[in-house]
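The file protein34.txt comes next; it holds compact mmCIF, C-alpha atoms and all ligand atoms.
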```txt
# COMPACT_ATOMS: atom_id res chain seq x y z
CA MET A 1 5.39 -23.66 -6.04
CA ALA A 2 6.58 -20.88 -8.30
CA LYS A 3 9.33 -18.76 -6.84
CA LYS A 4 10.54 -15.40 -7.92
CA TYR A 5 13.96 -14.05 -7.12
CA ILE A 6 14.68 -10.43 -7.68
CA ILE A 7 18.08 -8.93 -7.15
CA PHE A 8 18.76 -5.25 -7.31
CA GLN A 9 21.72 -3.17 -6.26
CA GLU A 10 22.83 -4.49 -2.87
CA LYS A 11 19.53 -5.92 -1.84
CA LEU A 12 17.78 -9.09 -2.54
CA LEU A 13 14.09 -9.65 -2.63
CA LEU A 14 12.75 -13.11 -2.66
CA THR A 15 9.08 -13.50 -3.35
CA TRP A 16 7.34 -16.77 -2.89
CA THR A 17 4.09 -16.69 -4.75
CA GLY A 18 1.25 -16.10 -2.35
CA LYS A 19 3.51 -15.71 0.65
CA LYS A 20 5.21 -12.85 2.31
CA PRO A 21 8.27 -11.46 0.58
CA TYR A 22 11.53 -11.72 2.41
CA PHE A 23 14.03 -8.94 2.29
CA MET A 24 17.70 -9.33 2.80
CA ASN A 25 20.46 -6.80 2.68
CA VAL A 26 23.27 -8.14 0.65
CA CYS A 27 26.69 -7.30 1.95
CA HIS A 28 30.01 -8.99 1.35
CA LEU A 29 29.18 -11.66 3.86
CA PHE A 30 26.25 -12.67 1.74
CA PHE A 31 28.03 -12.49 -1.56
CA SER A 32 28.06 -16.22 -2.00
CA LYS A 33 24.33 -16.26 -1.37
CA VAL A 34 23.82 -13.65 -4.07
CA CYS A 35 25.55 -15.90 -6.54
CA PHE A 36 23.37 -18.73 -5.37
CA PHE A 37 20.20 -16.72 -5.79
CA GLN A 38 21.23 -15.34 -9.15
CA LYS A 39 21.54 -18.91 -10.28
CA LYS A 40 18.19 -19.77 -8.74
CA MET A 41 16.64 -16.71 -10.33
CA ALA A 42 17.81 -17.84 -13.74
CA GLU A 43 16.46 -21.30 -13.01
CA ALA A 44 13.10 -19.79 -12.09
CA GLY A 45 13.00 -18.16 -15.50
CA CYS A 46 13.13 -14.65 -14.04
CA THR A 47 15.56 -13.33 -16.58
CA ASP A 48 13.92 -10.38 -18.27
CA PRO A 49 16.24 -7.55 -17.25
CA LYS A 50 13.59 -4.91 -17.86
CA ILE A 51 11.08 -6.60 -15.59
CA LEU A 52 13.77 -7.33 -13.06
CA GLN A 53 14.93 -3.76 -13.09
CA ALA A 54 11.44 -2.33 -12.94
CA THR A 55 10.18 -4.62 -10.22
CA GLY A 56 13.46 -4.77 -8.38
CA GLN A 57 13.51 -1.02 -8.08
CA ALA A 58 9.86 -0.92 -7.26
CA MET A 59 10.36 -1.11 -3.56
CA LEU A 60 7.42 1.13 -3.02
CA ASP A 61 5.33 0.86 0.09
CA ILE A 62 1.62 1.45 -0.38
CA LEU A 63 -0.48 2.57 2.55
CA LEU A 64 -4.16 1.98 2.03
CA ASP A 65 -7.24 3.25 3.68
CA ARG A 66 -9.79 0.45 4.02
CA ASP A 67 -13.39 1.64 3.79
CA GLY A 68 -14.23 3.32 0.50
CA THR A 69 -10.79 2.52 -0.90
CA VAL A 70 -10.40 -1.27 -0.78
CA ILE A 71 -13.91 -2.22 0.30
CA LYS A 72 -17.31 -0.64 -0.20
CA GLU A 73 -18.01 2.15 2.22
CA LYS A 74 -20.70 1.06 4.65
CA ASP A 75 -20.67 3.38 7.59
CA TYR A 76 -19.47 1.51 10.67
CA LEU A 77 -19.20 -1.83 8.92
CA CYS A 78 -19.18 -4.47 11.65
CA ARG A 79 -20.69 -7.60 10.08
CA PRO A 80 -18.19 -9.69 8.13
CA GLU A 81 -20.90 -10.90 5.74
CA GLU A 82 -21.58 -7.31 4.67
CA LEU A 83 -18.00 -6.70 3.61
CA GLU A 84 -17.58 -6.32 -0.14
CA LEU A 85 -14.39 -5.68 -2.02
CA LEU A 86 -14.69 -2.80 -4.45
CA PRO A 87 -14.72 -3.99 -8.07
CA GLY A 88 -11.25 -4.92 -9.24
CA ALA A 89 -9.66 -4.16 -5.85
CA GLY A 90 -8.27 -7.67 -5.36
CA GLN A 91 -6.67 -7.74 -8.80
CA ALA A 92 -5.35 -4.20 -8.38
CA LEU A 93 -3.67 -5.03 -5.09
CA LYS A 94 -2.26 -8.20 -6.58
CA SER A 95 -0.72 -6.22 -9.41
CA LEU A 96 0.88 -3.82 -6.94
CA GLN A 97 2.18 -6.69 -4.87
CA ASP A 98 3.56 -8.37 -7.98
CA MET A 99 5.43 -5.18 -8.80
CA GLY A 100 7.30 -5.56 -5.52
CA CYS A 101 5.17 -3.16 -3.51
CA ARG A 102 4.44 -3.88 0.12
CA LEU A 103 0.85 -3.24 1.17
CA PHE A 104 -0.16 -1.78 4.52
CA LEU A 105 -3.57 -0.95 5.87
CA VAL A 106 -4.14 2.17 7.95
CA THR A 107 -7.72 2.55 9.05
CA ASN A 108 -9.71 4.70 11.44
CA GLN A 109 -12.25 2.56 13.27
CA SER A 110 -13.89 4.99 15.62
CA GLY A 111 -16.95 2.73 15.67
CA ILE A 112 -15.08 0.79 18.35
CA GLY A 113 -14.51 3.81 20.58
CA ARG A 114 -18.00 5.12 19.94
CA GLY A 115 -19.44 1.82 21.12
CA VAL A 116 -21.06 1.05 17.75
CA PHE A 117 -19.20 -2.25 17.50
CA THR A 118 -16.60 -4.15 19.43
CA LEU A 119 -12.93 -4.83 18.92
CA GLU A 120 -13.88 -8.44 18.26
CA ASP A 121 -16.29 -7.33 15.52
CA TYR A 122 -13.45 -5.40 13.94
CA HIS A 123 -11.16 -8.43 13.97
CA LEU A 124 -13.87 -10.63 12.46
CA VAL A 125 -14.36 -8.14 9.63
CA GLN A 126 -10.60 -8.01 9.11
CA ALA A 127 -10.43 -11.80 8.99
CA ARG A 128 -13.02 -11.82 6.23
CA LEU A 129 -11.16 -9.10 4.34
CA GLU A 130 -7.95 -11.10 4.63
CA ASN A 131 -9.71 -14.21 3.37
CA LEU A 132 -11.21 -12.42 0.39
CA LEU A 133 -7.85 -10.92 -0.52
CA ALA A 134 -6.09 -14.23 -0.02
CA GLU A 135 -8.23 -15.58 -2.85
CA HIS A 136 -6.38 -13.08 -5.02
CA GLY A 137 -3.03 -13.97 -3.47
CA VAL A 138 -2.95 -10.60 -1.71
CA PHE A 139 -1.87 -9.94 1.85
CA PHE A 140 -1.15 -6.90 3.96
CA GLN A 141 2.25 -6.73 5.54
CA ASP A 142 0.58 -5.11 8.50
CA GLU A 143 -2.71 -3.54 9.47
CA LYS A 144 -2.84 -0.57 11.79
CA PHE A 145 -6.08 0.79 13.12
CA CYS A 146 -7.21 3.52 15.44
CA PRO A 147 -10.11 2.44 17.68
CA HIS A 148 -10.64 5.84 19.28
CA PRO A 149 -13.44 8.34 18.80
CA PRO A 150 -12.39 11.78 17.53
CA SER A 151 -13.12 13.23 20.97
CA ALA A 152 -10.25 11.18 22.45
CA GLY A 153 -7.78 13.47 20.70
CA CYS A 154 -5.42 10.55 20.07
CA THR A 155 -2.54 10.78 17.63
CA CYS A 156 -3.28 7.48 15.90
CA ARG A 157 -6.52 8.62 14.31
CA LYS A 158 -5.83 9.86 10.79
CA PRO A 159 -4.86 12.61 10.03
CA GLY A 160 -2.63 11.94 13.05
CA THR A 161 0.50 10.12 11.98
CA LEU A 162 1.11 7.66 14.80
CA MET A 163 0.14 4.71 12.58
CA TRP A 164 2.78 5.85 10.11
CA GLN A 165 5.38 6.10 12.87
CA GLU A 166 4.49 2.59 14.01
CA LEU A 167 4.90 1.27 10.48
CA VAL A 168 8.27 2.99 10.19
CA ARG A 169 9.31 1.40 13.47
CA ASP A 170 8.08 -2.07 12.53
CA HIS A 171 8.82 -2.27 8.82
CA ASP A 172 11.48 0.26 7.84
CA LEU A 173 9.33 2.41 5.62
CA TYR A 174 10.63 5.62 4.10
CA PRO A 175 8.44 8.58 3.22
CA GLU A 176 10.18 9.07 -0.12
CA THR A 177 9.23 5.57 -1.21
CA SER A 178 5.73 5.46 0.25
CA LEU A 179 2.32 6.35 -1.14
CA MET A 180 -0.99 6.81 0.60
CA ILE A 181 -4.24 5.89 -1.12
CA GLY A 182 -7.53 6.94 0.40
CA ASP A 183 -10.92 8.51 -0.10
CA LYS A 184 -11.12 11.15 2.63
CA PRO A 185 -9.30 14.39 3.42
CA ALA A 186 -7.95 12.76 6.59
CA ASP A 187 -6.18 10.13 4.45
CA LEU A 188 -4.46 12.80 2.39
CA GLU A 189 -3.62 14.91 5.44
CA PHE A 190 -2.17 11.81 7.08
CA GLY A 191 0.04 11.19 4.05
CA ALA A 192 1.05 14.84 3.85
CA GLY A 193 1.81 14.93 7.57
CA ALA A 194 4.03 11.87 7.17
CA GLY A 195 5.78 13.56 4.24
CA LEU A 196 4.93 10.74 1.86
CA ARG A 197 6.03 10.89 -1.72
CA GLY A 198 2.57 10.36 -3.14
CA LEU A 199 -1.00 11.09 -2.12
CA VAL A 200 -3.67 9.36 -4.14
CA LEU A 201 -7.34 10.21 -3.87
CA VAL A 202 -9.70 7.55 -5.21
CA LEU A 203 -13.20 8.61 -6.18
CA THR A 204 -14.83 5.58 -4.58
CA GLY A 205 -16.36 5.76 -1.11
CA TYR A 206 -16.31 9.39 0.02
CA GLY A 207 -13.77 10.21 -2.67
CA ARG A 208 -16.06 12.15 -4.97
CA ARG A 209 -17.21 14.29 -2.09
CA THR A 210 -13.60 14.82 -1.02
CA ALA A 211 -12.58 15.84 -4.55
CA GLU A 212 -15.37 18.40 -4.66
CA ARG A 213 -14.45 19.72 -1.26
CA LEU A 214 -10.83 20.13 -2.33
CA GLY A 215 -11.84 21.72 -5.62
CA CYS A 216 -10.16 19.01 -7.70
CA PRO A 217 -10.80 19.08 -11.44
CA GLU A 218 -12.68 16.28 -13.18
CA ILE A 219 -10.83 13.27 -14.50
CA PRO A 220 -11.11 13.54 -18.29
CA ASP A 221 -13.50 11.12 -19.99
CA GLY A 222 -11.78 7.98 -21.12
CA SER A 223 -9.05 8.27 -18.51
CA GLY A 224 -8.82 6.47 -15.19
CA PHE A 225 -6.75 9.10 -13.45
CA LEU A 226 -5.52 12.67 -13.45
CA GLU A 227 -2.18 13.88 -12.16
CA LEU A 228 -2.27 17.08 -10.13
CA ASN A 229 0.28 19.42 -8.65
CA ARG A 230 0.05 18.93 -4.93
CA THR A 231 -1.09 21.93 -2.95
CA GLY A 232 -1.09 21.52 0.81
CA ALA A 233 -2.66 18.16 1.54
CA GLY A 234 -4.29 17.97 -1.86
CA PRO A 235 -3.68 14.78 -3.83
CA ASP A 236 -0.91 14.20 -6.37
CA LEU A 237 -3.21 11.91 -8.20
CA LEU A 238 -6.93 11.54 -8.66
CA ALA A 239 -7.93 8.02 -9.61
CA ARG A 240 -11.40 6.74 -10.38
CA ASP A 241 -10.76 3.69 -8.25
CA LEU A 242 -8.05 1.41 -6.94
CA PRO A 243 -7.45 -0.37 -10.28
CA ALA A 244 -6.89 3.00 -11.95
CA ALA A 245 -4.51 4.00 -9.16
CA ALA A 246 -2.62 0.73 -9.57
CA ALA A 247 -2.27 1.30 -13.30
CA TRP A 248 -0.82 4.73 -12.67
CA ILE A 249 1.54 3.43 -9.98
CA ARG A 250 2.94 0.91 -12.42
CA ASN A 251 3.93 3.71 -14.77
CA PHE A 252 5.19 5.78 -11.88
CA LEU A 253 7.44 2.95 -10.76
CA ILE A 254 8.87 2.35 -14.15
CA GLN A 255 9.51 6.03 -14.77
CA ASN A 256 10.69 7.13 -11.34
CA PHE A 257 12.32 4.22 -9.63
CA LEU A 258 14.97 3.53 -12.18
CA GLY A 259 16.88 6.43 -10.68
CA PRO A 260 18.75 6.86 -7.40
CA GLU A 261 19.05 4.01 -4.97
CA ARG A 262 16.57 4.01 -2.14
CA PRO A 263 17.91 4.05 1.40
CA ALA A 264 19.12 0.77 2.81
CA ARG A 265 16.54 -0.94 4.94
CA GLY A 266 19.01 -1.52 7.70
CA ASN A 267 18.32 -5.20 8.16
CA SER A 268 20.58 -8.07 7.69
CA GLY A 269 19.36 -11.57 7.32
CA TYR A 270 15.82 -12.57 6.72
CA LYS A 271 13.01 -10.53 7.99
MG MG B 301 -12.18 5.61 3.74
ZN ZN B 302 -6.47 6.56 17.99
```
Write out the structure in this file as structure tokens.
Amino acid sequence: MAKKYIIFQEKLLLTWTGKKPYFMNVCHLFFSKVCFFQKKMAEAGCTDPKILQATGQAMLDILLDRDGTVIKEKDYLCRPEELELLPGAGQALKSLQDMGCRLFLVTNQSGIGRGVFTLEDYHLVQARLENLLAEHGVFFQDEKFCPHPPSAGCTCRKPGTLMWQELVRDHDLYPETSLMIGDKPADLEFGAGAGLRGLVLVLTGYGRRTAERLGCPEIPDGSGFLELNRTGAGPDLLARDLPAAAAWIRNFLIQNFLGPERPARGNSGYK
């Protein structure tokens, strides 16, 4: 199996193709291991310093809405067989993952709380989504969902930020190295509330309606995306779809993450 070893600054990222990446803080105690992995990295043919630098610095965490962003919006989707990935979504997520991004799902599933479908239905749909993405070698590090109806007034339902706080607790995310991608105002408000570095509005699902509601300009013909100056919980980026967003993120990573070191993840050893 192909292995990829990426070393950057004091941290070490080991990515096994198709499996979860492992993160390790590299301190003096691990210095001998660094030497070992540098050797292994060279053996694996991972020697292009530009790619190493770009991907190694690309420790960006991507939070994704599900319906209308990754899969076709079908109000209260509850039958696994009706789940459809949006065109190019699998490849787009794979490209983000290959750049060293971690992928997280944050989804409102009020259909559960409203009694439209059951928790079990939700898990069956998720299993199918995971299987479809696995065919592309894509996996979510974690999937958070809110099962409550809006009337419950919970803090996990987007735009509430409890799901973000849970991800921070469980996976050491940082707002300055995290992006939210979604199709509804609640997705953007969630990202803004969490203080995330980037808010991306895709025009799939309810995205076009959201863009109109927020008064966003049109994406120019021939372009997949349009950068905006964020105002309030407006997006930083409009993207026609997830593949367009992924293309933009690649440039963003290369241009912006070659700078200051991101905060240490605070783990030692394998995670
Ligand atoms: Mg959505
Ligand atoms: Zn909730």
Interatomic distance (Å, one decimal) between CA of Asp121 (chain A) and CA of Tyr76 (chain A): 10.6 Å
Shell of 6 Å around ligand MG 301 (chain B) (all atoms listed in the file), written as a PyMOL selection string: chain A and resi 65-69+182-184
Produce a table with one row for each residue of chain A that has an atom at most 7 Å from any atom of ligand ZN 302 (chain B), each row naming the nearest atom pair and its distance in Å at one decimal; use all atoms listed in the file; arrange rows by chain and rising residue number; format as a Markdown table.
```
| residue | atom | partner | partner_atom | distance |
| --- | --- | --- | --- | --- |
| A:Cys146 | CA | B:ZN302 | ZN | 4.0 |
| A:Pro147 | CA | B:ZN302 | ZN | 5.5 |
| A:His148 | CA | B:ZN302 | ZN | 4.4 |
| A:Cys154 | CA | B:ZN302 | ZN | 4.6 |
| A:Thr155 | CA | B:ZN302 | ZN | 5.8 |
| A:Cys156 | CA | B:ZN302 | ZN | 3.9 |
| A:Arg157 | CA | B:ZN302 | ZN | 4.2 |
```
Residue nearest Arg208 (chain A) - candidates A:Gly111, A:Gly195, A:Gly160, A:Pro185, atoms counted: only C-alpha atoms: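 Looking only at the distances to Arg208 (chain A), the closest residue turns out to be A:Pro185.
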Counting all atoms listed in the file, the residue of A:Phe190, A:Phe252, A:Tyr174, A:Phe104 that sits nearest Phe139 (chain A): A:Phe104
Selection near Leu129 (chain A), 12 Å with only C-alpha atoms, sequence-local residues under 4 positions removed, as number ranges by chain: A: 66-67, 70-72, 77-86, 89-90, 105, 122-125, 133-136, 138-140, 143
Length of the CA of Thr231 (chain A) to CA of Gly191 (chain A) vector [Å]: 12.9 Å
Selection as a PyMOL selection string: residues within 6 Å of (-2.0, 4.2, 0.7), counting only C-alpha atoms: chain A and resi 62-64+179-181
Same residues, C-alpha atoms, output as a CSV table (one decimal), keeping the file's coordinate frame:
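Below is the file out.csv, written as the result:
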```
chain,number,residue,atom,x,y,z
A,62,ILE,CA,1.6,1.4,-0.4
A,63,LEU,CA,-0.5,2.6,2.6
A,64,LEU,CA,-4.2,2.0,2.0
A,179,LEU,CA,2.3,6.4,-1.1
A,180,MET,CA,-1.0,6.8,0.6
A,181,ILE,CA,-4.2,5.9,-1.1
```
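For the pair CA of Pro159 (chain A) and CA of Ala192 (chain A), the interatomic distance is 8.8 Å.
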